[in-house]
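K.L.:
Below is the file entry_24.cif, with mmCIF, C-alpha atoms and all ligand atoms.
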```cif
data_protein
#
loop_
_atom_site.label_atom_id
_atom_site.label_comp_id
_atom_site.auth_asym_id
_atom_site.auth_seq_id
_atom_site.Cartn_x
_atom_site.Cartn_y
_atom_site.Cartn_z
CA MET A 1 52.83 15.96 25.04
CA THR A 2 52.11 19.66 25.59
CA THR A 3 50.15 20.46 28.71
CA PHE A 4 47.65 23.33 28.74
CA SER A 5 45.74 25.08 31.46
CA ALA A 6 42.10 23.97 31.58
CA VAL A 7 41.11 27.52 32.56
CA ASP A 8 42.88 28.95 29.48
CA VAL A 9 41.06 26.49 27.18
CA ILE A 10 37.71 27.31 28.80
CA THR A 11 38.19 31.08 28.63
CA ALA A 12 39.40 30.86 25.02
CA LYS A 13 36.19 29.09 24.00
CA ARG A 14 34.09 31.36 26.22
CA ASP A 15 35.54 34.37 24.36
CA GLY A 16 34.84 32.87 20.95
CA ALA A 17 38.34 31.66 19.99
CA VAL A 18 38.99 28.61 17.82
CA LEU A 19 40.69 25.83 19.81
CA SER A 20 43.76 24.14 18.35
CA ASP A 21 43.93 20.38 17.73
CA GLU A 22 46.39 20.13 20.61
CA GLU A 23 44.10 21.95 23.05
CA ILE A 24 41.09 19.76 22.15
CA THR A 25 43.07 16.53 22.35
CA TRP A 26 44.69 17.56 25.60
CA ILE A 27 41.48 18.57 27.40
CA LEU A 28 39.54 15.45 26.41
CA ASP A 29 42.43 13.17 27.42
CA ALA A 30 43.02 15.06 30.66
CA TYR A 31 39.30 14.80 31.51
CA ASP A 32 39.46 11.09 30.83
CA ILE A 33 42.24 10.55 33.39
CA GLY A 34 40.74 12.90 35.98
CA ASP A 35 43.16 15.83 35.52
CA VAL A 36 40.31 18.10 34.38
CA ALA A 37 37.49 18.36 36.91
CA GLU A 38 33.79 17.79 36.18
CA GLU A 39 33.05 21.48 36.81
CA GLN A 40 35.74 22.50 34.31
CA MET A 41 34.40 20.19 31.61
CA SER A 42 30.86 21.42 32.41
CA SER A 43 32.04 24.96 31.88
CA LEU A 44 33.72 24.12 28.57
CA LEU A 45 30.55 22.35 27.38
CA MET A 46 28.53 25.47 28.20
CA ALA A 47 31.05 27.64 26.30
CA ILE A 48 30.67 25.29 23.32
CA TYR A 49 26.88 25.40 23.70
CA PHE A 50 27.02 29.19 23.21
CA ASN A 51 29.98 29.58 20.82
CA GLY A 52 29.95 26.29 18.89
CA LEU A 53 32.82 24.43 17.25
CA ASP A 54 33.99 25.19 13.72
CA PRO A 55 34.16 22.25 11.25
CA HIS A 56 37.85 21.59 11.94
CA GLU A 57 37.41 21.74 15.74
CA LEU A 58 34.39 19.45 15.43
CA THR A 59 36.33 16.87 13.40
CA THR A 60 39.15 16.86 15.96
CA TRP A 61 36.68 16.60 18.87
CA THR A 62 34.89 13.68 17.15
CA ASP A 63 38.19 11.94 16.28
CA ARG A 64 39.09 11.99 19.96
CA MET A 65 35.76 10.46 20.97
CA ILE A 66 36.22 7.68 18.41
CA ALA A 67 39.83 7.10 19.50
CA SER A 68 38.72 6.74 23.14
CA GLY A 69 37.48 3.22 22.38
CA GLU A 70 37.45 0.42 19.84
CA ARG A 71 36.31 0.57 16.22
CA LEU A 72 34.40 -2.45 14.92
CA ASP A 73 36.02 -3.96 11.86
CA LEU A 74 33.28 -5.04 9.46
CA ARG A 75 35.53 -5.32 6.43
CA GLY A 76 35.56 -8.70 4.76
CA LEU A 77 31.80 -9.31 4.98
CA SER A 78 30.28 -10.60 1.75
CA ARG A 79 27.64 -7.79 1.77
CA PRO A 80 28.03 -4.00 1.84
CA THR A 81 27.22 -2.44 5.23
CA VAL A 82 24.70 0.34 5.71
CA ASP A 83 22.95 1.66 8.82
CA LYS A 84 20.30 4.18 9.81
CA HIS A 85 20.16 6.50 12.79
CA SER A 86 17.11 8.43 13.91
CA THR A 87 17.51 11.42 16.21
CA GLY A 88 14.50 10.08 18.11
CA GLY A 89 10.78 10.42 18.02
CA VAL A 90 7.55 9.06 19.44
CA GLY A 91 6.33 5.76 17.98
CA ASP A 92 9.52 5.56 15.88
CA LYS A 93 9.75 1.81 15.38
CA ILE A 94 11.22 2.10 11.86
CA SER A 95 14.49 0.26 12.73
CA LEU A 96 12.60 -2.93 13.57
CA ILE A 97 11.24 -3.12 10.02
CA LEU A 98 14.03 -1.37 8.14
CA ALA A 99 16.98 -3.51 9.31
CA PRO A 100 15.49 -6.84 8.10
CA LEU A 101 14.08 -5.19 4.97
CA VAL A 102 17.45 -3.76 3.86
CA ALA A 103 19.08 -7.11 4.71
CA ALA A 104 16.50 -8.83 2.50
CA CYS A 105 17.63 -6.43 -0.26
CA GLY A 106 21.22 -7.74 0.03
CA ALA A 107 23.00 -5.41 2.48
CA ALA A 108 24.30 -6.04 6.00
CA VAL A 109 22.74 -3.73 8.60
CA PRO A 110 24.67 -3.28 11.87
CA GLN A 111 22.20 -1.41 14.10
CA LEU A 112 23.99 -0.76 17.36
CA SER A 113 21.31 0.93 19.43
CA GLY A 114 20.53 2.43 22.79
CA ARG A 115 17.75 2.39 25.34
CA GLY A 116 15.08 5.03 25.68
CA LEU A 117 15.32 7.92 28.10
CA GLY A 118 12.47 10.33 28.79
CA HIS A 119 9.66 10.59 26.26
CA THR A 120 11.36 8.83 23.32
CA GLY A 121 11.42 5.04 23.26
CA GLY A 122 14.53 2.93 22.74
CA THR A 123 14.81 0.20 20.09
CA LEU A 124 16.36 -2.24 22.58
CA ASP A 125 13.51 -1.76 25.08
CA LYS A 126 11.03 -2.54 22.33
CA LEU A 127 12.78 -5.75 21.24
CA GLU A 128 13.26 -6.87 24.85
CA SER A 129 9.48 -7.22 25.10
CA ILE A 130 9.88 -10.33 22.87
CA PRO A 131 10.26 -13.36 25.16
CA GLY A 132 13.86 -14.62 25.22
CA TRP A 133 15.41 -11.87 23.05
CA ARG A 134 18.82 -10.63 24.25
CA ALA A 135 20.40 -7.29 23.42
CA THR A 136 24.03 -8.02 24.21
CA LEU A 137 26.26 -9.65 21.59
CA SER A 138 30.03 -9.97 21.34
CA ASN A 139 31.81 -8.40 18.37
CA ASP A 140 32.29 -11.89 16.88
CA GLU A 141 28.58 -12.65 17.24
CA ILE A 142 27.73 -9.35 15.53
CA ARG A 143 29.96 -10.22 12.55
CA GLU A 144 28.63 -13.76 12.35
CA GLN A 145 24.99 -12.65 12.43
CA LEU A 146 25.65 -9.96 9.81
CA GLU A 147 27.07 -12.64 7.53
CA SER A 148 24.39 -15.28 8.16
CA VAL A 149 21.22 -13.17 8.62
CA GLY A 150 22.23 -9.76 7.28
CA ALA A 151 20.79 -7.71 10.16
CA VAL A 152 21.71 -7.18 13.80
CA ILE A 153 20.00 -4.89 16.27
CA CYS A 154 21.90 -5.03 19.55
CA ALA A 155 23.32 -2.91 22.35
CA ALA A 156 26.25 -0.68 21.47
CA GLY A 157 29.02 -2.18 23.64
CA SER A 158 30.74 -0.10 26.31
CA GLY A 159 33.89 -0.15 24.15
CA LEU A 160 32.44 2.14 21.44
CA ALA A 161 33.30 5.82 21.99
CA PRO A 162 33.37 5.54 25.83
CA ALA A 163 34.35 9.23 26.11
CA ASP A 164 30.93 10.11 24.72
CA ARG A 165 29.14 8.12 27.43
CA ARG A 166 30.73 10.23 30.17
CA LEU A 167 30.29 13.51 28.33
CA TYR A 168 26.67 12.73 27.46
CA ALA A 169 25.88 12.03 31.14
CA LEU A 170 27.49 15.36 32.04
CA ARG A 171 25.59 17.22 29.29
CA ASP A 172 22.37 15.68 30.56
CA VAL A 173 22.77 17.36 33.96
CA THR A 174 24.28 20.67 32.78
CA GLY A 175 21.71 21.82 30.22
CA THR A 176 24.08 21.26 27.28
CA VAL A 177 22.41 18.40 25.38
CA ALA A 178 20.81 20.62 22.74
CA SER A 179 24.07 21.87 21.21
CA ILE A 180 24.39 21.04 17.52
CA PRO A 181 28.15 20.29 17.47
CA LEU A 182 27.95 18.28 20.71
CA MET A 183 24.95 16.27 19.45
CA ALA A 184 26.56 15.71 16.06
CA SER A 185 29.87 14.49 17.52
CA SER A 186 28.09 12.31 20.08
CA ILE A 187 25.88 10.56 17.53
CA MET A 188 28.48 10.32 14.77
CA SER A 189 31.37 9.10 16.96
CA LYS A 190 29.29 6.02 17.86
CA LYS A 191 28.14 5.41 14.29
CA ILE A 192 31.65 5.82 12.84
CA ALA A 193 33.11 3.51 15.53
CA GLU A 194 30.46 0.92 14.60
CA GLY A 195 32.28 0.44 11.28
CA THR A 196 29.43 0.90 8.80
CA GLN A 197 30.36 1.93 5.23
CA ALA A 198 27.22 3.99 4.67
CA LEU A 199 24.69 5.73 6.87
CA VAL A 200 21.29 7.38 6.52
CA LEU A 201 20.30 9.87 9.18
CA ASP A 202 16.63 10.45 9.89
CA VAL A 203 16.60 13.86 11.55
CA LYS A 204 13.28 14.50 13.24
CA VAL A 205 11.78 17.97 13.57
CA GLY A 206 8.68 19.09 15.46
CA ARG A 207 6.87 18.92 18.79
CA GLY A 208 8.05 15.40 19.68
CA ALA A 209 11.67 15.82 18.49
CA PHE A 210 14.91 17.26 19.93
CA MET A 211 14.88 19.83 17.12
CA LYS A 212 11.76 21.96 17.24
CA ASP A 213 12.43 24.05 14.13
CA LEU A 214 13.44 23.21 10.58
CA GLY A 215 16.45 25.57 10.51
CA ARG A 216 18.14 23.81 13.44
CA ALA A 217 17.21 20.37 12.10
CA ARG A 218 18.87 21.28 8.78
CA GLU A 219 21.98 22.56 10.57
CA LEU A 220 22.25 19.34 12.62
CA ALA A 221 21.76 17.24 9.48
CA HIS A 222 24.43 19.17 7.52
CA THR A 223 26.87 18.93 10.43
CA MET A 224 26.41 15.16 10.80
CA VAL A 225 26.65 14.53 7.05
CA GLY A 226 29.89 16.54 6.97
CA LEU A 227 31.34 14.54 9.86
CA GLY A 228 30.39 11.20 8.31
CA LEU A 229 31.97 12.12 4.97
CA ALA A 230 35.12 13.44 6.68
CA HIS A 231 35.49 9.98 8.27
CA GLY A 232 34.95 8.02 5.07
CA VAL A 233 31.31 7.00 5.75
CA LYS A 234 28.91 7.67 2.85
CA THR A 235 26.33 9.71 4.73
CA VAL A 236 22.97 11.18 3.71
CA ALA A 237 20.35 12.83 5.93
CA GLN A 238 16.62 13.10 5.57
CA ILE A 239 14.49 15.48 7.62
CA THR A 240 11.08 14.14 8.60
CA PRO A 241 8.30 15.62 10.74
CA MET A 242 7.71 14.51 14.32
CA ASN A 243 4.67 16.54 15.33
CA ALA A 244 2.38 13.54 15.68
CA PRO A 245 3.48 10.00 16.65
CA LEU A 246 4.58 7.66 13.85
CA GLY A 247 1.93 5.02 13.29
CA GLN A 248 -0.61 4.18 15.98
CA ALA A 249 1.42 2.32 18.61
CA VAL A 250 3.61 3.97 21.25
CA GLY A 251 5.09 1.57 23.82
CA ASN A 252 7.39 -1.42 23.70
CA ALA A 253 5.35 -4.57 22.87
CA LEU A 254 2.70 -2.46 21.11
CA GLU A 255 5.35 -1.14 18.70
CA VAL A 256 6.77 -4.62 18.05
CA THR A 257 3.28 -5.85 17.14
CA GLU A 258 2.74 -2.89 14.81
CA SER A 259 6.14 -3.48 13.16
CA VAL A 260 5.30 -7.14 12.56
CA ASN A 261 2.03 -6.02 10.96
CA VAL A 262 3.97 -3.76 8.56
CA LEU A 263 6.35 -6.63 7.79
CA LYS A 264 3.28 -8.73 6.94
CA GLY A 265 2.11 -6.09 4.47
CA GLN A 266 -0.43 -4.46 6.81
CA GLY A 267 0.02 -1.73 9.44
CA PRO A 268 -0.17 2.07 9.25
CA SER A 269 0.64 3.67 5.90
CA ASP A 270 2.99 6.35 7.34
CA VAL A 271 5.21 3.68 8.94
CA ARG A 272 5.35 1.70 5.69
CA ALA A 273 6.03 4.80 3.58
CA LEU A 274 8.87 6.11 5.77
CA THR A 275 10.46 2.66 5.98
CA LEU A 276 10.42 2.32 2.19
CA GLU A 277 11.76 5.85 1.73
CA LEU A 278 14.74 5.12 3.99
CA ALA A 279 15.30 1.62 2.54
CA THR A 280 15.46 3.10 -0.97
CA ILE A 281 18.13 5.61 0.06
CA MET A 282 20.11 2.92 1.92
CA THR A 283 20.13 0.44 -0.96
CA GLU A 284 21.08 3.19 -3.43
CA LEU A 285 23.95 4.31 -1.18
CA VAL A 286 25.55 0.87 -1.36
CA GLY A 287 24.76 0.32 -5.03
CA LEU A 288 22.06 -2.37 -4.75
CA ASP A 289 19.65 -2.32 -7.68
CA VAL A 290 16.45 -3.47 -5.97
CA ASN A 291 13.02 -2.07 -5.19
CA PRO A 292 12.59 -2.55 -1.41
CA SER A 293 8.78 -2.68 -1.64
CA THR A 294 9.04 -6.04 -3.45
CA LYS A 295 10.93 -7.48 -0.45
CA LEU A 296 8.27 -6.23 1.93
CA ASP A 297 5.41 -7.56 -0.18
CA ASP A 298 6.85 -11.01 -0.97
CA GLY A 299 7.46 -11.81 2.73
CA SER A 300 11.27 -11.94 2.51
CA ALA A 301 11.77 -9.00 4.91
CA PHE A 302 9.47 -10.73 7.43
CA GLU A 303 11.48 -13.94 7.08
CA VAL A 304 14.75 -12.05 7.80
CA TYR A 305 13.06 -10.45 10.83
CA ARG A 306 12.16 -13.90 12.19
CA GLN A 307 15.75 -15.12 11.69
CA MET A 308 17.12 -11.96 13.32
CA ILE A 309 14.93 -12.43 16.42
CA ARG A 310 15.72 -16.16 16.67
CA ALA A 311 19.47 -15.57 16.28
CA GLN A 312 19.34 -13.46 19.46
CA GLY A 313 17.35 -16.01 21.48
CA GLY A 314 13.89 -14.53 20.87
CA ASP A 315 10.76 -16.40 19.87
CA PRO A 316 9.09 -14.54 16.98
CA ASP A 317 5.93 -16.66 17.44
CA ALA A 318 5.54 -16.05 21.18
CA ALA A 319 2.48 -14.16 22.41
CA MET A 320 3.44 -10.58 23.22
CA PRO A 321 2.90 -9.23 26.76
CA GLN A 322 -0.52 -7.62 27.23
CA ALA A 323 -1.38 -4.84 29.70
CA LYS A 324 -3.73 -5.71 32.55
CA ILE A 325 -5.74 -2.49 32.23
CA LEU A 326 -7.07 -0.73 29.14
CA GLU A 327 -8.83 2.63 29.18
CA VAL A 328 -10.29 4.53 26.25
CA VAL A 329 -9.98 8.35 25.92
CA THR A 330 -12.67 9.98 23.78
CA ALA A 331 -12.89 13.10 21.58
CA PRO A 332 -14.04 16.18 23.55
CA ARG A 333 -16.17 17.45 20.62
CA ALA A 334 -17.02 16.76 16.98
CA GLY A 335 -14.85 18.23 14.19
CA TYR A 336 -11.49 17.65 12.53
CA VAL A 337 -8.36 16.55 14.40
CA ARG A 338 -6.05 19.58 14.32
CA SER A 339 -3.18 17.92 16.19
CA VAL A 340 -2.13 14.77 17.98
CA ASP A 341 0.74 15.99 20.12
CA ALA A 342 3.69 13.59 19.85
CA LEU A 343 5.36 15.03 22.96
CA ALA A 344 2.21 14.60 25.08
CA VAL A 345 1.67 11.05 23.78
CA GLY A 346 5.35 10.21 24.43
CA ILE A 347 5.13 11.55 27.97
CA THR A 348 1.88 9.62 28.51
CA ALA A 349 3.47 6.33 27.39
CA TRP A 350 6.39 7.06 29.70
CA ARG A 351 4.06 7.80 32.67
CA LEU A 352 2.11 4.62 31.93
CA GLY A 353 5.37 2.72 32.48
CA ALA A 354 6.81 2.30 28.96
CA GLY A 355 9.77 4.65 29.51
CA ARG A 356 12.34 5.46 32.14
CA ALA A 357 13.40 8.67 33.92
CA ARG A 358 16.85 7.38 34.93
CA LYS A 359 19.16 5.03 33.04
CA GLU A 360 18.87 2.33 35.70
CA ASP A 361 15.02 2.25 35.79
CA SER A 362 13.23 -0.76 34.31
CA VAL A 363 10.41 -0.42 31.77
CA SER A 364 7.08 -2.16 31.31
CA ALA A 365 6.89 -4.29 28.17
CA SER A 366 3.13 -3.92 27.79
CA ALA A 367 2.36 -0.31 28.79
CA GLY A 368 1.73 2.36 26.17
CA VAL A 369 -0.74 4.29 24.06
CA MET A 370 -2.62 3.38 20.89
CA CYS A 371 -3.45 6.50 18.86
CA LEU A 372 -6.76 5.79 17.15
CA VAL A 373 -7.08 8.99 15.07
CA ARG A 374 -4.73 10.89 12.72
CA GLU A 375 -4.29 14.62 12.14
CA GLY A 376 -6.81 15.90 9.60
CA GLU A 377 -9.35 13.12 10.32
CA LYS A 378 -13.04 13.86 11.03
CA VAL A 379 -14.22 12.75 14.50
CA GLU A 380 -17.51 12.62 16.39
CA LYS A 381 -17.91 13.76 20.01
CA GLY A 382 -17.22 10.77 22.27
CA GLN A 383 -15.36 8.80 19.57
CA PRO A 384 -12.36 6.86 20.99
CA VAL A 385 -9.12 8.73 20.21
CA PHE A 386 -6.57 6.97 22.44
CA GLU A 387 -6.34 3.66 24.23
CA LEU A 388 -4.19 3.70 27.38
CA HIS A 389 -2.46 0.42 28.34
CA ALA A 390 -1.13 0.05 31.91
CA ASP A 391 -0.07 -2.65 34.35
CA ASP A 392 -1.67 -1.02 37.40
CA HIS A 393 -4.00 1.80 38.43
CA ALA A 394 -1.22 4.05 39.76
CA HIS A 395 0.44 4.19 36.33
CA LEU A 396 -2.93 4.51 34.59
CA SER A 397 -3.77 7.56 36.65
CA LEU A 398 -0.44 9.24 35.78
CA GLY A 399 -1.03 8.50 32.09
CA ARG A 400 -4.59 9.83 32.22
CA ASP A 401 -3.30 13.19 33.51
CA ALA A 402 -0.61 13.39 30.80
CA ILE A 403 -2.92 12.63 27.86
CA ALA A 404 -5.48 15.30 28.80
CA ASP A 405 -4.65 17.84 26.06
CA ALA A 406 -2.88 15.58 23.57
CA VAL A 407 -5.58 15.85 20.91
CA VAL A 408 -7.05 19.12 19.63
CA VAL A 409 -10.25 19.07 17.57
CA GLY A 410 -11.26 22.12 15.50
CA ASP A 411 -13.86 23.12 12.93
CA GLU A 412 -11.70 23.08 9.82
CA GLN A 413 -9.72 20.36 8.17
CA ILE A 414 -5.97 21.09 8.36
CA TRP A 415 -3.01 20.66 6.05
CA VAL A 416 -0.82 17.73 7.13
CA ALA A 417 2.96 18.07 6.53
CA PRO A 418 4.42 15.68 3.93
CA LEU A 419 6.51 12.75 5.08
CA LYS A 420 9.81 14.06 3.80
CA LEU A 421 10.80 17.68 4.31
CA ASN A 422 14.39 17.70 3.05
CA LEU A 423 17.06 15.37 1.71
CA ILE A 424 20.61 16.45 2.50
CA ARG A 425 23.52 15.11 0.44
CA LYS A 426 26.90 16.71 -0.19
N1 LIG B 501 21.69 11.01 21.03
C1 LIG B 501 23.04 10.88 21.25
O1 LIG B 501 23.60 9.79 21.15
N2 LIG B 501 23.73 11.99 21.57
C2 LIG B 501 23.17 13.20 21.67
O2 LIG B 501 23.87 14.14 21.94
C3 LIG B 501 21.78 13.31 21.46
C4 LIG B 501 21.06 12.20 21.13
#
```
In structure tokens, how does this file's structure come out?
Ligand code: URA

P.N.:
Amino acid sequence: MTTFSAVDVITAKRDGAVLSDEEITWILDAYDIGDVAEEQMSSLLMAIYFNGLDPHELTTWTDRMIASGERLDLRGLSRPTVDKHSTGGVGDKISLILAPLVAACGAAVPQLSGRGLGHTGGTLDKLESIPGWRATLSNDEIREQLESVGAVICAAGSGLAPADRRLYALRDVTGTVASIPLMASSIMSKKIAEGTQALVLDVKVGRGAFMKDLGRARELAHTMVGLGLAHGVKTVAQITPMNAPLGQAVGNALEVTESVNVLKGQGPSDVRALTLELATIMTELVGLDVNPSTKLDDGSAFEVYRQMIRAQGGDPDAAMPQAKILEVVTAPRAGYVRSVDALAVGITAWRLGAGRARKEDSVSASAGVMCLVREGEKVEKGQPVFELHADDHAHLSLGRDAIADAVVVGDEQIWVAPLKLNLIRK
């Protein structure tokens, strides 16, 4: 194999050149075995942050990440496979409802997920608030559960795209997370390695999302759709707003309870609507002729949810953990709610104990925030707007500071952005 100089590859990208397949493959492999130093890879990541990767470079880069580990083989299942990935938001508990719903429609949903970091929650942390539920499954268990139940939400094993894990940790400490090609290859390498036939991407845009403006959200969505298609995965992206939290509940057990309410035909209308929107796209992608709302309303999605929780050791009937302390935050004045800031609410839930700052931190099952008002709603002075849930006074006090400016009340009623901003297919 040809050997290159790491410095030459870095300077080429720094000066805006297009890297060859050989250079990309060499530098990623050499980094893997320790022949390229952390500071050299950091420098290359920064050069990519500024100069990007063209579509061919990006495909080669992503291929290498996939090839660094195993690829789940889900062929031979009796149902078509389809998954969803959200780029992350506050109160985004859609997976908990969507996976069993789409399974109830006749597909197999392999949701290999991660834990939360910072202000966005992780699906596994939410489900771990259910007594007995376990996140780790072997590849055989994943296949078996997909065949018998139709839906699996579990931890993405360390064998899937391991090169991404190291690069992501490096990006996290070098200011290079928010690069569109690096995000796209990181997300898509894991999803492609997971072995799904079809994929819907829910790209969030707004205050509480990675992408703060629509132009960048569209670019990320197009890039990921292109990568999925280039690797034989039927991929569609939807762009949805993340200015205010989704639904009312933000926090692990609180979000599970809200999801169960939606599965029982109740719960917040925005959560139900987005779930149905995504379920419709997913079932269409794999050619299932079914209206997902019928499966939500006749209780079959809820039944699949119960089977999915039980199959992983959880008790769907167990009482959920409750916080020891509850405190109500009230509206500062009368008027119309102009904004409920998803970022501030996400940070508050994190400070209250629901999230982690470092990968190895533990999270509280019961801490979080209930958002009691929606954007555009009329409120009276002193009306409860948030409920803070905490396990102790130290966390409560941190949460109280973070929530201070999370709601803005004005004189006029505002326009609230529609649920779906853009659908991206190629
Ligand atoms: N999630 C990922 O898996 N990778 C990124 O780069 C960003 C979010």

K.L.:
For Thr11 (chain A), find every residue with an atom within 12 Å (counting only C-alpha atoms), except residues of its own chain fewer than 2 positions away, and show them as a PyMOL selection string.

P.N.:
chain A and resi 5-9+13-19+40-41+43-48+51

K.L.:
List as a list in words the protein and nucleic acid residues near Ala354 (chain A), meaning an atom at most 9 Å away when only C-alpha atoms are counted, but skip any in the same chain fewer than 6 places from it.

P.N.:
Gly121, Asp125, Val250, Gly251, Asn252, Thr348, Ser362, Val363, Ser364, Ala365, Ser366, Ala367, Gly368 and Ala390 of chain A

K.L.:
Kindly give the distance, in Å, that separates CA of Ala349 (chain A) and CA of His119 (chain A), rounded to a single decimal.

P.N.:
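Between these atoms lies a distance of 7.6 Å.
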
K.L.:
Hey, which of A:Pro100, A:Gly226, A:Pro268, A:Gly69 ends up closest to Glu194 (chain A)? Count all atoms listed in the file.

P.N.:
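Selected residue with least distance to Glu194 (chain A): A:Gly69.
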
K.L.:
Skipping near chain neighbours, those fewer than 4 positions away, what residues fall within 9 Å of region 169-184 of chain A using all atoms listed in the file, listed as a list in words?

P.N.:
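What passes the distance filter is Glu38, Met41, Ser42, Ser43, Leu45, Met46, Ile48, Tyr49, Phe50, Gly52, Leu53, Asp54, Pro55, Leu58, Thr62, Asp164, Arg165, Met188, Ser189, Phe210, Met211, Arg216, Glu219, Leu220, Ala221, Thr223, Met224 and Leu227 of chain A.
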
K.L.:
Just want the 6 Å neighbourhood of Thr235 (chain A), counted on all atoms listed in the file, with same-chain residues fewer than 3 positions away dropped. Output as a list of chain:residue names.

P.N.:
A:Ala198, A:Leu199, A:Val200, A:Val225, A:Gly228

K.L.:
In terms of the shortest atom-to-atom distance over only C-alpha atoms and all ligand atoms, which of A:Ile27, A:Val109, A:Ala161, A:Ile414 is closest to ligand LIG 501 (chain B)?

P.N.:
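Smallest separation from ligand LIG 501 (chain B) among the options: A:Ala161.
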
K.L.:
Would you kindly return, as an NGL selection string, each protein, DNA or RNA residue with an atom no farther than 12 Å from any atom of Lys126 (chain A), considering only C-alpha atoms and excluding same-chain residues fewer than 6 positions away?

P.N.:
:A and (91-96 or 113-116 or 120 or 133-135 or 153-154 or 249-259 or 320-321 or 354-355 or 363-368)

K.L.:
For each of A:Asp405, A:Glu387, A:Asp341, A:Asp392, take the minimum atom-to-atom distance to Arg207 (chain A), counting all atoms listed in the file, then give the residue where this is smallest.

P.N.:
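Among the listed residues, the smallest separation from Arg207 (chain A) belongs to A:Asp341.
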
K.L.:
Give the answer as one residue: which of A:His389, A:Lys191, A:Lys295, A:Lys264 has the shortest atom-to-atom distance to ligand LIG 501 (chain B), using all atoms listed in the file?

P.N.:
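Smallest distance to ligand LIG 501 (chain B) is found for A:Lys191.
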
K.L.:
Out of A:Gly232, A:Pro332, A:Gly132, A:Pro162, which residue has the shortest atom-to-atom distance to ligand LIG 501 (chain B) when counting all atoms listed in the file?

P.N.:
A:Pro162

K.L.:
Kindly compute an axis-aligned box around the listed atoms of region 339-344 of chain A, allowing 8 Å on each side, and express its centre and edge lengths in Å to one decimal as lines of an AutoDock Vina configuration file.

P.N.:
```
center_x = 1.1
center_y = 15.8
center_z = 20.6
size_x = 24.5
size_y = 20.3
size_z = 24.9
```

K.L.:
Which of these, A:Ala237, A:Val90, A:Ile192, A:Leu352, has the shortest distance to Cys371 (chain A) once you count all atoms listed in the file?

P.N.:
A:Val90
